[in-house]
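Reviewing the structure listed below.
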Amino acid sequence: MIAYVTVGADDIARAKQFYDAFLLALGYGLEEGAEGLSYALPVPEGEKPVLPDFYVKPPFDGKPASAGNGAMVAFEAQSQQQVRDLHAAALAAGGRGEGQPGFRAAYGAHFYVSYLRDPQGNKIALFSCDPNEPGRDD
């Protein structure tokens, strides 16, 4: 099981603007500290945390942050409309588009996805895979 994912950022304030634009809408809470940003889903009393957590931090070695070539983090939205809305919000908050919301021939008929780059260049996907919504072939 993946416990957490961390991406590097040199400008934490700019990264916060980008990630807040969609992670808060997906139900993540935010804790800010000197070490960066920590996003986690709420934990009902007496239950185990829903993993993974997502961290945005300056690199530990003090060198500039860089995006991983081939690395991507995907976040599941509740609907195709939420994918579109959060994609637009993330672009407005400083992200760069890497693929408009829609279906992709390489994936299942209900896999609706958009791709973005955060201000540091990290690749992010927002997707929905609800079989109750229209699919690619409908």
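Every chain in the structure tokens has a letter given in the order shown (A, B, ...), and although residue numbers restart at 1 in each chain, ligands are simply numbered from 1 in the order shown.
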
So which residues of chain A fall under strand (DSSP E) by DSSP, listed as a compact mmCIF listing (two decimals) with N, CA and C atoms, in the first residue's frame?
```
# COMPACT_ATOMS: atom_id res chain seq x y z
N TYR A 4 2.31 7.53 1.22
CA TYR A 4 2.32 8.95 0.86
C TYR A 4 3.10 9.14 -0.43
N VAL A 5 2.83 10.27 -1.06
CA VAL A 5 3.52 10.69 -2.27
C VAL A 5 4.04 12.10 -2.01
N THR A 6 5.28 12.35 -2.39
CA THR A 6 5.87 13.68 -2.21
C THR A 6 6.35 14.19 -3.56
N VAL A 7 6.05 15.46 -3.85
CA VAL A 7 6.63 16.14 -5.01
C VAL A 7 7.40 17.34 -4.50
N GLY A 8 8.44 17.68 -5.22
CA GLY A 8 9.26 18.82 -4.84
C GLY A 8 8.74 20.12 -5.42
N GLY A 29 -7.61 17.75 3.46
CA GLY A 29 -7.31 18.83 4.38
C GLY A 29 -5.85 19.23 4.17
N LEU A 30 -5.50 20.41 4.61
CA LEU A 30 -4.14 20.92 4.44
C LEU A 30 -3.54 21.30 5.77
N GLU A 31 -2.30 20.87 5.99
CA GLU A 31 -1.49 21.36 7.09
C GLU A 31 -0.25 21.99 6.47
N GLU A 32 0.04 23.22 6.89
CA GLU A 32 1.22 23.93 6.40
C GLU A 32 2.25 24.00 7.51
N GLY A 33 3.49 23.86 7.14
CA GLY A 33 4.56 23.97 8.10
C GLY A 33 5.82 24.47 7.43
N GLY A 36 6.84 22.47 4.43
CA GLY A 36 6.04 22.45 3.21
C GLY A 36 4.58 22.19 3.49
N LEU A 37 3.91 21.57 2.52
CA LEU A 37 2.48 21.34 2.55
C LEU A 37 2.18 19.86 2.73
N SER A 38 1.21 19.55 3.58
CA SER A 38 0.78 18.17 3.80
C SER A 38 -0.72 18.10 3.58
N TYR A 39 -1.12 17.36 2.54
CA TYR A 39 -2.54 17.17 2.23
C TYR A 39 -2.93 15.75 2.63
N ALA A 40 -4.05 15.62 3.35
CA ALA A 40 -4.52 14.30 3.76
C ALA A 40 -6.04 14.32 3.81
N ASP A 53 -1.34 9.99 1.66
CA ASP A 53 -1.24 11.43 1.86
C ASP A 53 -0.42 12.00 0.71
N PHE A 54 -0.49 13.31 0.54
CA PHE A 54 0.23 13.97 -0.55
C PHE A 54 0.98 15.16 0.01
N TYR A 55 2.30 15.18 -0.20
CA TYR A 55 3.16 16.23 0.35
C TYR A 55 3.81 17.03 -0.77
N VAL A 56 3.95 18.33 -0.53
CA VAL A 56 4.66 19.23 -1.44
C VAL A 56 5.73 19.92 -0.60
N LYS A 57 6.99 19.64 -0.92
CA LYS A 57 8.08 20.10 -0.05
C LYS A 57 9.29 20.52 -0.87
N MET A 72 4.06 10.55 -12.47
CA MET A 72 2.79 11.25 -12.48
C MET A 72 2.00 10.82 -11.25
N VAL A 73 1.23 11.73 -10.70
CA VAL A 73 0.34 11.42 -9.59
C VAL A 73 -1.09 11.66 -10.09
N ALA A 74 -1.98 10.70 -9.86
CA ALA A 74 -3.37 10.79 -10.31
C ALA A 74 -4.30 10.90 -9.11
N PHE A 75 -5.28 11.79 -9.24
CA PHE A 75 -6.29 11.99 -8.21
C PHE A 75 -7.65 11.68 -8.80
N GLU A 76 -8.46 10.90 -8.07
CA GLU A 76 -9.78 10.52 -8.55
C GLU A 76 -10.82 11.55 -8.17
N ARG A 96 -0.22 24.17 -15.96
CA ARG A 96 -0.13 24.12 -17.42
C ARG A 96 -0.86 22.87 -17.90
N GLY A 97 -1.60 23.02 -18.98
CA GLY A 97 -2.33 21.89 -19.53
C GLY A 97 -1.40 20.89 -20.21
N GLU A 98 -1.69 19.61 -20.00
CA GLU A 98 -0.95 18.53 -20.65
C GLU A 98 -1.91 17.59 -21.36
N GLY A 99 -3.18 17.92 -21.37
CA GLY A 99 -4.20 17.09 -22.01
C GLY A 99 -5.56 17.48 -21.49
N GLN A 100 -6.40 18.00 -22.37
CA GLN A 100 -7.74 18.44 -21.99
C GLN A 100 -8.57 17.29 -21.44
N PRO A 101 -9.56 17.58 -20.61
CA PRO A 101 -10.44 16.53 -20.11
C PRO A 101 -11.12 15.78 -21.25
N GLY A 102 -11.15 14.46 -21.13
CA GLY A 102 -11.83 13.65 -22.13
C GLY A 102 -11.44 12.19 -22.00
N PHE A 103 -11.97 11.41 -22.92
CA PHE A 103 -11.66 9.99 -22.97
C PHE A 103 -10.40 9.80 -23.80
N TYR A 112 -12.28 8.80 -17.80
CA TYR A 112 -12.32 10.19 -18.24
C TYR A 112 -11.21 10.92 -17.50
N VAL A 113 -10.29 11.56 -18.20
CA VAL A 113 -9.08 12.06 -17.56
C VAL A 113 -8.62 13.38 -18.16
N SER A 114 -7.92 14.15 -17.35
CA SER A 114 -7.21 15.35 -17.81
C SER A 114 -5.82 15.32 -17.21
N TYR A 115 -4.90 16.01 -17.88
CA TYR A 115 -3.52 16.05 -17.42
C TYR A 115 -3.05 17.49 -17.28
N LEU A 116 -2.24 17.72 -16.24
CA LEU A 116 -1.72 19.05 -15.93
C LEU A 116 -0.27 18.95 -15.50
N ARG A 117 0.40 20.08 -15.50
CA ARG A 117 1.70 20.23 -14.85
C ARG A 117 1.53 21.28 -13.77
N LYS A 123 3.82 16.25 -13.13
CA LYS A 123 2.64 15.88 -13.90
C LYS A 123 1.56 15.33 -12.98
N ILE A 124 0.34 15.83 -13.19
CA ILE A 124 -0.81 15.48 -12.38
C ILE A 124 -1.94 15.03 -13.30
N ALA A 125 -2.65 13.99 -12.92
CA ALA A 125 -3.85 13.56 -13.64
C ALA A 125 -5.05 13.71 -12.71
N LEU A 126 -6.16 14.12 -13.28
CA LEU A 126 -7.45 14.14 -12.59
C LEU A 126 -8.36 13.23 -13.40
N PHE A 127 -8.98 12.24 -12.75
CA PHE A 127 -9.78 11.29 -13.53
C PHE A 127 -11.06 10.89 -12.81
N SER A 128 -11.98 10.38 -13.60
CA SER A 128 -13.21 9.77 -13.11
C SER A 128 -13.42 8.50 -13.92
```

Proximity to Ala15 (chain A) - best of A:Glu35, A:Asp118, A:Asp85, A:Asp130, only C-alpha atoms: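 For Ala15 (chain A), the nearest of the candidates is A:Asp118.
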
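Among the candidate residues A:Gln120, A:Ala13, A:Gln78, A:Ala90, the one lying nearest to Pro64 (chain A) is A:Gln120, with distances computed using only C-alpha atoms.
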
DSSP helix (DSSP H, G or I) selection over chain A, as a PyMOL selection string: chain A and resi 12-23+80-92

Kindly save the residues from that selection, with N, CA, C and O atoms included, as a compact mmCIF listing (two decimals), in the first residue's frame.
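The file below, out-v4.txt, is the result:
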```
# COMPACT_ATOMS: atom_id res chain seq x y z
N ILE A 12 6.80 27.29 -2.62
CA ILE A 12 5.71 26.64 -1.89
C ILE A 12 4.41 27.43 -1.98
O ILE A 12 3.33 26.85 -2.12
N ALA A 13 4.47 28.74 -1.95
CA ALA A 13 3.25 29.56 -2.04
C ALA A 13 2.57 29.35 -3.38
O ALA A 13 1.34 29.23 -3.45
N ARG A 14 3.34 29.29 -4.44
CA ARG A 14 2.78 29.06 -5.77
C ARG A 14 2.22 27.64 -5.88
O ARG A 14 1.15 27.42 -6.45
N ALA A 15 2.92 26.68 -5.32
CA ALA A 15 2.44 25.30 -5.31
C ALA A 15 1.14 25.19 -4.51
O ALA A 15 0.21 24.48 -4.92
N LYS A 16 1.06 25.88 -3.39
CA LYS A 16 -0.15 25.86 -2.56
C LYS A 16 -1.35 26.37 -3.35
O LYS A 16 -2.43 25.78 -3.32
N GLN A 17 -1.17 27.45 -4.08
CA GLN A 17 -2.26 28.00 -4.89
C GLN A 17 -2.75 26.95 -5.89
O GLN A 17 -3.96 26.74 -6.05
N PHE A 18 -1.83 26.26 -6.55
CA PHE A 18 -2.18 25.24 -7.53
C PHE A 18 -2.89 24.07 -6.87
O PHE A 18 -3.99 23.68 -7.27
N TYR A 19 -2.30 23.47 -5.86
CA TYR A 19 -2.87 22.26 -5.26
C TYR A 19 -4.16 22.53 -4.49
O TYR A 19 -5.07 21.71 -4.50
N ASP A 20 -4.26 23.69 -3.85
CA ASP A 20 -5.51 24.04 -3.17
C ASP A 20 -6.67 24.12 -4.16
O ASP A 20 -7.82 23.86 -3.80
N ALA A 21 -6.37 24.50 -5.41
CA ALA A 21 -7.42 24.68 -6.42
C ALA A 21 -8.21 23.40 -6.69
O ALA A 21 -9.35 23.46 -7.13
N PHE A 22 -7.62 22.23 -6.41
CA PHE A 22 -8.39 21.00 -6.63
C PHE A 22 -8.36 20.01 -5.47
O PHE A 22 -9.33 19.30 -5.25
N LEU A 23 -7.31 19.97 -4.69
CA LEU A 23 -7.27 18.98 -3.60
C LEU A 23 -8.29 19.27 -2.51
O LEU A 23 -8.89 18.34 -1.96
N GLN A 80 -17.22 13.23 -14.20
CA GLN A 80 -16.59 13.86 -15.35
C GLN A 80 -16.66 15.38 -15.24
O GLN A 80 -15.69 16.08 -15.57
N GLN A 81 -17.78 15.90 -14.75
CA GLN A 81 -17.92 17.35 -14.58
C GLN A 81 -16.91 17.87 -13.57
O GLN A 81 -16.31 18.93 -13.77
N GLN A 82 -16.68 17.12 -12.50
CA GLN A 82 -15.69 17.57 -11.52
C GLN A 82 -14.30 17.55 -12.13
O GLN A 82 -13.49 18.44 -11.85
N VAL A 83 -13.98 16.59 -12.98
CA VAL A 83 -12.69 16.59 -13.68
C VAL A 83 -12.55 17.89 -14.47
O VAL A 83 -11.52 18.57 -14.40
N ARG A 84 -13.58 18.24 -15.22
CA ARG A 84 -13.53 19.48 -16.03
C ARG A 84 -13.37 20.71 -15.14
O ARG A 84 -12.55 21.59 -15.41
N ASP A 85 -14.17 20.77 -14.07
CA ASP A 85 -14.12 21.93 -13.17
C ASP A 85 -12.76 22.07 -12.48
O ASP A 85 -12.20 23.17 -12.42
N LEU A 86 -12.24 20.96 -11.99
CA LEU A 86 -10.96 21.02 -11.26
C LEU A 86 -9.80 21.26 -12.21
O LEU A 86 -8.83 21.94 -11.85
N HIS A 87 -9.88 20.74 -13.42
CA HIS A 87 -8.85 21.02 -14.43
C HIS A 87 -8.80 22.53 -14.70
O HIS A 87 -7.72 23.13 -14.69
N ALA A 88 -9.96 23.13 -14.90
CA ALA A 88 -10.03 24.58 -15.16
C ALA A 88 -9.51 25.37 -13.95
O ALA A 88 -8.77 26.35 -14.11
N ALA A 89 -9.88 24.95 -12.74
CA ALA A 89 -9.42 25.65 -11.54
C ALA A 89 -7.91 25.55 -11.39
O ALA A 89 -7.24 26.52 -11.03
N ALA A 90 -7.35 24.38 -11.68
CA ALA A 90 -5.90 24.20 -11.57
C ALA A 90 -5.15 25.02 -12.61
O ALA A 90 -4.09 25.58 -12.33
N LEU A 91 -5.70 25.13 -13.82
CA LEU A 91 -5.08 25.99 -14.84
C LEU A 91 -5.11 27.45 -14.39
O LEU A 91 -4.11 28.16 -14.51
N ALA A 92 -6.23 27.88 -13.84
CA ALA A 92 -6.37 29.25 -13.37
C ALA A 92 -5.44 29.55 -12.20
O ALA A 92 -5.07 30.69 -11.96
```

Point-to-point distance from CA of Gly62 (chain A) to CA of Leu24 (chain A), Å rounded to tenths: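 Pair CA of Gly62 (chain A) / CA of Leu24 (chain A) returns 28.2 Å.
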
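One finds CA of Arg104 (chain A) at 11.0 Å from CA of Asp137 (chain A).
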
Atom-to-atom span, CA of Ala67 (chain A) and CA of Ile2 (chain A), Å: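 According to the coordinates, CA of Ala67 (chain A) and CA of Ile2 (chain A) are separated by 19.5 Å.
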
Spatial neighbours of Pro42 (chain A), 9 Å, only C-alpha atoms, chain gap at least 4 places, as a ChimeraX atom specification: /A:27-29,49-50

Within 8 Å of Arg136 (chain A) using only C-alpha atoms, minus same-chain residues under 2 positions, as a VMD selection string: chain A and resid 103 109 to 110 134 138

Residue subset to file, keeping all heavy atoms, as a compact mmCIF listing (two decimals), in the first residue's frame:
```
# COMPACT_ATOMS: atom_id res chain seq x y z
N PHE A 103 -11.97 11.41 -22.92
CA PHE A 103 -11.66 9.99 -22.97
C PHE A 103 -10.40 9.80 -23.80
O PHE A 103 -10.08 10.58 -24.68
CB PHE A 103 -12.82 9.22 -23.61
CG PHE A 103 -14.09 9.31 -22.80
CD1 PHE A 103 -15.14 10.11 -23.23
CD2 PHE A 103 -14.24 8.58 -21.63
CE1 PHE A 103 -16.31 10.20 -22.49
CE2 PHE A 103 -15.41 8.67 -20.89
CZ PHE A 103 -16.44 9.47 -21.32
N ALA A 109 -13.50 2.36 -21.47
CA ALA A 109 -14.56 3.20 -22.03
C ALA A 109 -15.09 4.25 -21.06
O ALA A 109 -15.67 5.25 -21.50
CB ALA A 109 -15.71 2.31 -22.49
N HIS A 110 -14.88 4.08 -19.76
CA HIS A 110 -15.40 5.04 -18.78
C HIS A 110 -14.30 5.85 -18.10
O HIS A 110 -14.59 6.62 -17.17
CB HIS A 110 -16.25 4.32 -17.73
CG HIS A 110 -17.54 3.82 -18.29
ND1 HIS A 110 -18.64 4.61 -18.46
CD2 HIS A 110 -17.88 2.61 -18.78
CE1 HIS A 110 -19.61 3.93 -19.01
NE2 HIS A 110 -19.18 2.70 -19.22
N PRO A 134 -21.92 8.60 -18.92
CA PRO A 134 -21.69 8.21 -20.31
C PRO A 134 -20.24 7.83 -20.54
O PRO A 134 -19.32 8.44 -19.99
CB PRO A 134 -22.04 9.48 -21.10
CG PRO A 134 -22.92 10.27 -20.19
CD PRO A 134 -22.47 9.95 -18.79
N ASP A 138 -20.56 5.68 -25.82
CA ASP A 138 -22.00 5.95 -25.70
C ASP A 138 -22.44 7.07 -26.63
O ASP A 138 -21.75 7.96 -26.95
CB ASP A 138 -22.38 6.30 -24.25
CG ASP A 138 -22.19 5.11 -23.32
OD1 ASP A 138 -22.15 3.97 -23.82
OD2 ASP A 138 -22.07 5.33 -22.11
```
